[in-house]
>>> print(open('start_19.tsv').read())   # TSV, C-alpha atoms
chain	number	residue	atom	x	y	z
A	1	MET	CA	55.52	-72.31	183.87
A	2	ILE	CA	53.27	-69.74	182.20
A	3	THR	CA	51.27	-67.39	184.45
A	4	ALA	CA	48.96	-64.79	182.94
A	5	ILE	CA	47.30	-61.88	184.73
A	6	VAL	CA	44.26	-60.74	182.77
A	7	SER	CA	41.27	-58.44	183.11
A	8	GLU	CA	38.50	-57.18	180.86
A	9	LYS	CA	38.33	-53.93	182.83
A	10	GLY	CA	41.02	-51.38	183.66
A	11	GLY	CA	42.05	-50.37	187.15
A	12	THR	CA	41.91	-53.84	188.68
A	13	GLY	CA	45.58	-53.89	189.71
A	14	LYS	CA	46.70	-56.63	187.34
A	15	THR	CA	50.11	-55.04	186.64
A	16	THR	CA	50.82	-54.82	190.37
A	17	ILE	CA	50.11	-58.55	190.69
A	18	ALA	CA	52.14	-59.40	187.57
A	19	ILE	CA	55.28	-57.58	188.71
A	20	HIS	CA	55.07	-59.16	192.16
A	21	MET	CA	54.78	-62.64	190.68
A	22	ALA	CA	57.74	-62.02	188.37
A	23	GLY	CA	59.84	-60.15	190.93
A	24	TRP	CA	59.32	-62.65	193.74
A	25	ARG	CA	59.83	-65.60	191.41
A	26	GLN	CA	63.19	-64.13	190.46
A	27	LYS	CA	64.05	-63.61	194.14
A	28	ASP	CA	63.33	-67.32	194.55
A	29	GLY	CA	66.18	-68.05	192.15
A	30	ARG	CA	64.14	-68.65	189.02
A	31	ASP	CA	64.96	-67.41	185.52
A	32	VAL	CA	61.96	-65.21	184.70
A	33	MET	CA	60.57	-63.43	181.64
A	34	LEU	CA	57.95	-60.73	182.29
A	35	LEU	CA	56.06	-60.27	179.03
A	36	ASP	CA	54.26	-56.93	178.76
A	37	SER	CA	51.17	-57.36	176.59
A	38	ASP	CA	49.59	-54.15	177.85
A	39	ARG	CA	49.98	-51.24	175.44
A	40	GLN	CA	50.42	-48.88	178.41
A	41	GLY	CA	53.75	-50.62	179.10
A	42	SER	CA	53.65	-50.23	182.90
A	43	ALA	CA	55.35	-53.56	183.65
A	44	GLY	CA	58.22	-52.69	181.33
A	45	TYR	CA	58.63	-49.27	182.94
A	46	TRP	CA	58.80	-50.94	186.36
A	47	VAL	CA	61.63	-53.19	185.16
A	48	GLU	CA	63.53	-50.22	183.72
A	49	ILE	CA	63.26	-48.27	186.99
A	50	ARG	CA	64.64	-51.25	188.91
A	51	LYS	CA	67.57	-51.52	186.53
A	52	GLN	CA	68.30	-47.80	186.85
A	53	GLU	CA	68.28	-48.20	190.64
A	54	GLY	CA	70.64	-51.18	190.46
A	55	LEU	CA	67.99	-53.58	191.73
A	56	PRO	CA	67.57	-57.14	190.42
A	57	ALA	CA	64.86	-57.34	187.77
A	58	PRO	CA	63.38	-60.04	185.56
A	59	ASP	CA	63.93	-59.90	181.83
A	60	THR	CA	61.13	-58.17	179.96
A	61	ALA	CA	59.80	-57.86	176.44
A	62	VAL	CA	56.74	-56.38	174.72
A	63	ALA	CA	54.41	-58.71	172.84
A	64	VAL	CA	50.94	-57.69	171.71
A	65	GLY	CA	48.40	-59.11	169.28
A	66	THR	CA	49.69	-61.48	166.63
A	67	ARG	CA	53.16	-61.56	168.20
A	68	LEU	CA	51.94	-62.72	171.60
A	69	ARG	CA	51.53	-66.45	171.02
A	70	ARG	CA	55.00	-66.91	169.52
A	71	ALA	CA	56.60	-64.73	172.21
A	72	VAL	CA	55.03	-66.79	175.00
A	73	LEU	CA	56.05	-70.11	173.46
A	74	ASP	CA	59.60	-68.93	172.79
A	75	ALA	CA	59.98	-67.57	176.32
A	76	ALA	CA	58.59	-70.78	177.85
A	77	ARG	CA	61.39	-72.73	176.17
A	78	GLU	CA	64.11	-70.37	177.41
A	79	TYR	CA	62.96	-69.40	180.91
A	80	ASP	CA	61.87	-71.25	184.03
A	81	ASP	CA	58.83	-68.99	184.38
A	82	VAL	CA	56.91	-66.66	182.09
A	83	VAL	CA	54.60	-64.03	183.58
A	84	VAL	CA	52.33	-62.16	181.16
A	85	ASP	CA	50.63	-58.86	181.96
A	86	VAL	CA	47.70	-58.65	179.51
A	87	GLY	CA	46.07	-55.30	178.77
A	88	ALA	CA	42.52	-54.64	179.92
A	89	GLY	CA	39.91	-55.37	177.28
A	90	GLN	CA	42.34	-57.10	174.92
A	91	GLY	CA	39.97	-60.00	174.32
A	92	ALA	CA	42.01	-61.66	171.58
A	93	ASP	CA	45.15	-61.64	173.75
A	94	ILE	CA	43.19	-62.99	176.73
A	95	ARG	CA	41.89	-65.85	174.58
A	96	THR	CA	45.43	-66.58	173.40
A	97	LEU	CA	46.65	-66.86	176.98
A	98	MET	CA	43.72	-69.04	178.02
A	99	GLY	CA	44.97	-71.52	175.42
A	100	LEU	CA	48.60	-71.41	176.60
A	101	ALA	CA	48.87	-70.66	180.31
A	102	ASP	CA	49.18	-73.03	183.23
A	103	ILE	CA	47.29	-70.56	185.40
A	104	VAL	CA	45.33	-67.42	184.58
A	105	ILE	CA	44.73	-65.04	187.48
A	106	VAL	CA	41.86	-62.58	187.09
A	107	PRO	CA	41.93	-59.63	189.52
A	108	LEU	CA	38.51	-58.09	190.08
A	109	GLN	CA	37.48	-55.15	192.16
A	110	PRO	CA	34.47	-56.00	194.32
A	111	THR	CA	32.12	-53.68	192.47
A	112	GLY	CA	29.12	-54.32	190.27
A	113	MET	CA	30.75	-53.00	187.10
A	114	ASP	CA	33.74	-55.35	187.41
A	115	PHE	CA	31.41	-58.30	187.82
A	116	TRP	CA	29.63	-57.54	184.58
A	117	THR	CA	32.74	-59.01	182.92
A	118	VAL	CA	32.79	-62.29	184.85
A	119	GLY	CA	30.52	-64.18	182.48
A	120	LEU	CA	32.66	-63.26	179.47
A	121	LEU	CA	35.87	-64.30	181.20
A	122	ASP	CA	34.29	-67.57	182.32
A	123	SER	CA	33.28	-68.25	178.71
A	124	MET	CA	36.85	-67.54	177.56
A	125	ALA	CA	38.19	-69.92	180.20
A	126	MET	CA	35.79	-72.65	179.08
A	127	ASP	CA	36.98	-72.23	175.49
A	128	GLY	CA	40.57	-72.27	176.70
A	129	ARG	CA	40.10	-75.58	178.50
A	130	LYS	CA	39.03	-77.20	175.23
A	131	VAL	CA	42.55	-76.74	173.83
A	132	ASN	CA	44.55	-76.48	177.06
A	133	ASP	CA	43.72	-79.07	179.69
A	134	ARG	CA	46.37	-77.64	182.05
A	135	LEU	CA	44.48	-74.37	182.44
A	136	VAL	CA	43.48	-73.18	185.88
A	137	ALA	CA	41.55	-69.90	185.98
A	138	LYS	CA	41.22	-68.20	189.35
A	139	ALA	CA	39.67	-64.89	190.38
A	140	VAL	CA	41.25	-62.70	193.06
A	141	LEU	CA	39.41	-59.81	194.69
A	142	ASN	CA	41.72	-56.81	194.60
A	143	ARG	CA	41.62	-53.27	195.97
A	144	ALA	CA	38.90	-54.19	198.41
A	145	PRO	CA	38.08	-51.80	201.30
A	146	THR	CA	40.23	-52.39	204.36
A	147	HIS	CA	37.27	-52.99	206.68
A	148	HIS	CA	36.41	-56.69	206.74
A	149	PHE	CA	32.63	-56.30	206.81
A	150	ASP	CA	32.46	-55.13	203.22
A	151	THR	CA	29.28	-56.50	201.64
A	152	ASP	CA	30.54	-55.95	198.08
A	153	ALA	CA	33.29	-58.55	198.60
A	154	VAL	CA	30.70	-61.06	199.79
A	155	ALA	CA	28.48	-60.33	196.77
A	156	ALA	CA	31.49	-60.75	194.49
A	157	GLN	CA	32.19	-64.21	195.86
A	158	ASP	CA	28.53	-65.13	195.34
A	159	ALA	CA	28.71	-64.00	191.70
A	160	LEU	CA	31.81	-66.12	191.07
A	161	ALA	CA	30.03	-69.15	192.48
A	162	GLN	CA	27.87	-69.12	189.35
A	163	CYS	CA	30.87	-69.58	187.03
A	164	GLN	CA	31.96	-72.94	185.65
A	165	GLU	CA	35.64	-72.49	184.77
A	166	LEU	CA	36.66	-69.19	186.36
A	167	THR	CA	36.48	-69.95	190.05
A	168	ALA	CA	37.00	-67.93	193.21
A	169	SER	CA	40.40	-68.27	194.86
A	170	GLY	CA	39.14	-66.99	198.21
A	171	ILE	CA	41.91	-64.38	198.20
A	172	VAL	CA	41.07	-60.77	199.03
A	173	ILE	CA	43.72	-58.07	198.60
A	174	ARG	CA	42.84	-54.88	200.45
A	175	GLU	CA	43.46	-51.33	199.27
A	176	ARG	CA	46.81	-50.47	200.89
A	177	SER	CA	48.97	-47.40	200.45
A	178	SER	CA	52.16	-49.48	200.46
A	179	VAL	CA	50.97	-51.57	197.50
A	180	ARG	CA	49.75	-48.49	195.65
A	181	ARG	CA	53.05	-46.62	196.07
A	182	VAL	CA	55.69	-49.26	195.40
A	183	VAL	CA	55.12	-49.79	191.67
A	184	PRO	CA	56.00	-46.26	190.44
A	185	LEU	CA	59.18	-46.53	192.54
A	186	GLY	CA	60.24	-49.79	190.91
A	187	ARG	CA	59.84	-51.67	194.17
A	188	LEU	CA	57.99	-54.70	195.56
A	189	VAL	CA	55.81	-54.45	198.64
A	190	ASP	CA	58.35	-56.33	200.79
A	191	GLU	CA	60.87	-53.58	199.91
A	192	TRP	CA	58.61	-50.86	201.33
A	193	GLN	CA	59.36	-49.23	204.67
A	194	PRO	CA	57.81	-49.37	207.17
A	195	LYS	CA	57.15	-53.03	206.54
A	196	ASP	CA	53.53	-53.77	205.64
A	197	ARG	CA	53.14	-57.38	206.65
A	198	LYS	CA	49.46	-57.54	205.70
A	199	GLY	CA	50.23	-56.29	202.20
A	200	ILE	CA	52.99	-58.88	201.84
A	201	GLU	CA	50.75	-61.68	203.11
A	202	GLU	CA	47.88	-60.79	200.79
A	203	LEU	CA	50.01	-60.63	197.65
A	204	GLY	CA	51.94	-63.63	198.96
A	205	ALA	CA	48.69	-65.58	198.91
A	206	VAL	CA	48.50	-64.97	195.15
A	207	TYR	CA	52.07	-66.22	194.81
A	208	GLU	CA	51.13	-69.41	196.65
A	209	LEU	CA	48.05	-69.77	194.47
A	210	ALA	CA	50.13	-69.48	191.30
A	211	TYR	CA	53.16	-71.55	192.26
A	212	GLY	CA	51.96	-73.93	194.93
A	213	GLU	CA	54.54	-72.83	197.47
A	214	SER	CA	54.71	-70.26	200.22
A	215	LEU	CA	56.50	-67.00	199.62
A	216	ALA	CA	59.89	-66.96	201.34
A	217	LEU	CA	61.74	-63.65	201.50
A	218	ALA	CA	65.31	-63.02	202.57
A	219	GLY	CA	65.55	-62.26	206.26
A	220	GLU	CA	62.04	-63.47	207.01
A	221	THR	CA	60.38	-66.73	207.81
A	222	GLU	CA	58.08	-68.20	205.19
A	223	LEU	CA	54.78	-66.43	204.81
A	224	HIS	CA	52.17	-69.15	204.93
A	225	ALA	CA	49.33	-67.33	203.23
A	226	THR	CA	45.86	-68.79	203.28
A	227	SER	CA	44.59	-69.54	199.82
A	228	ALA	CA	42.15	-71.91	198.19
A	229	GLY	CA	44.89	-73.37	195.98
A	230	ARG	CA	44.40	-74.97	192.63
A	231	ARG	CA	41.69	-77.39	191.70
>>> encode(input="start_19.tsv", output="structure tokens")
Amino acid sequence: MITAIVSEKGGTGKTTIAIHMAGWRQKDGRDVMLLDSDRQGSAGYWVEIRKQEGLPAPDTAVAVGTRLRRAVLDAAREYDDVVVDVGAGQGADIRTLMGLADIVIVPLQPTGMDFWTVGLLDSMAMDGRKVNDRLVAKAVLNRAPTHHFDTDAVAAQDALAQCQELTASGIVIRERSSVRRVVPLGRLVDEWQPKDRKGIEELGAVYELAYGESLALAGETELHATSAGRR
């Protein structure tokens, strides 16, 4: 299965989502390739830190631009799951993934500037569906304020309702210190102490969205996250 995390704007938290999808998929016993198509290389650094710490980590490789399509197709033949972290604003790479992926997850911060990009991403998804009838494109609100009466999140959902192919998942991931801190340490949010169950549940909802199954972690019962699911 090919899962791509894309954004036209930086700072949306796409790498955090990508490493959690790849890391948790591996914990679920899958053979996973995490392709880093972001020139900043953050996903690859996260994998290297885990290896240095003796922690299990998915395989990783860098593939940008003209190399991306072949890298994705080759990895899809060799691995159970391919997760691609696509750099912000890399329109050509985003279009490539729209034509290849089973699901494209678009993290958006609930701010006006992030939602200026929604129309462009919706257009890319519509073009992708013309050559890839498997494609599901879902938006996730990320780094939202922790108070639940945030009007920006409501406005963001209203803006997504105008899209044709990029649709709202209904998932909102709040700004949490545990999620913000784990990546530089080479960890996943379920490996953070003290345990942040809300952080796990919110990112777990994205996992369920992508893979159609609840996140199950060692030593815990299944986390049945609420999500809109696929079309």
>>> atom_distance(input="start_19.tsv", atom1="CA of Gln40 (chain A)", atom2="CA of Gly199 (chain A)")
24.9 Å
>>> atom_distance(input="start_19.tsv", atom1="CA of Ile94 (chain A)", atom2="CA of Leu209 (chain A)")
19.6 Å
>>> atom_distance(input="start_19.tsv", atom1="CA of Thr15 (chain A)", atom2="CA of Arg143 (chain A)")
12.7 Å
>>> closest_residue(input="start_19.tsv", among="A:Asp85, A:Glu48, A:Asp31, A:Glu175", to="Ala18 (chain A)", atoms="all atoms listed in the file")
A:Asp85
>>> residues_near_point(input="start_19.tsv", point="(59.8, -62.8, 183.5)", cutoff="6 Å", atoms="only C-alpha atoms", output="VMD selection string")
chain A and resid 22 32 to 34 58 to 60 82 to 83
>>> residues_around(input="start_19.tsv", residues="Met126 (chain A)", least_positions_apart="2", cutoff="12 Å", atoms="only C-alpha atoms", output="list in words")
Arg95, Met98, Gly99, Gly119, Leu120, Leu121, Asp122, Ser123, Met124, Gly128, Arg129, Lys130, Val131, Asn132, Asp133, Leu135, Val136, Ala137, Cys163, Gln164, Glu165, Leu166 and Thr167 of chain A
>>> closest_residue(input="start_19.tsv", among="A:Arg39, A:Lys51, A:Arg181, A:Arg25", to="Tyr79 (chain A)", atoms="all atoms listed in the file")
A:Arg25
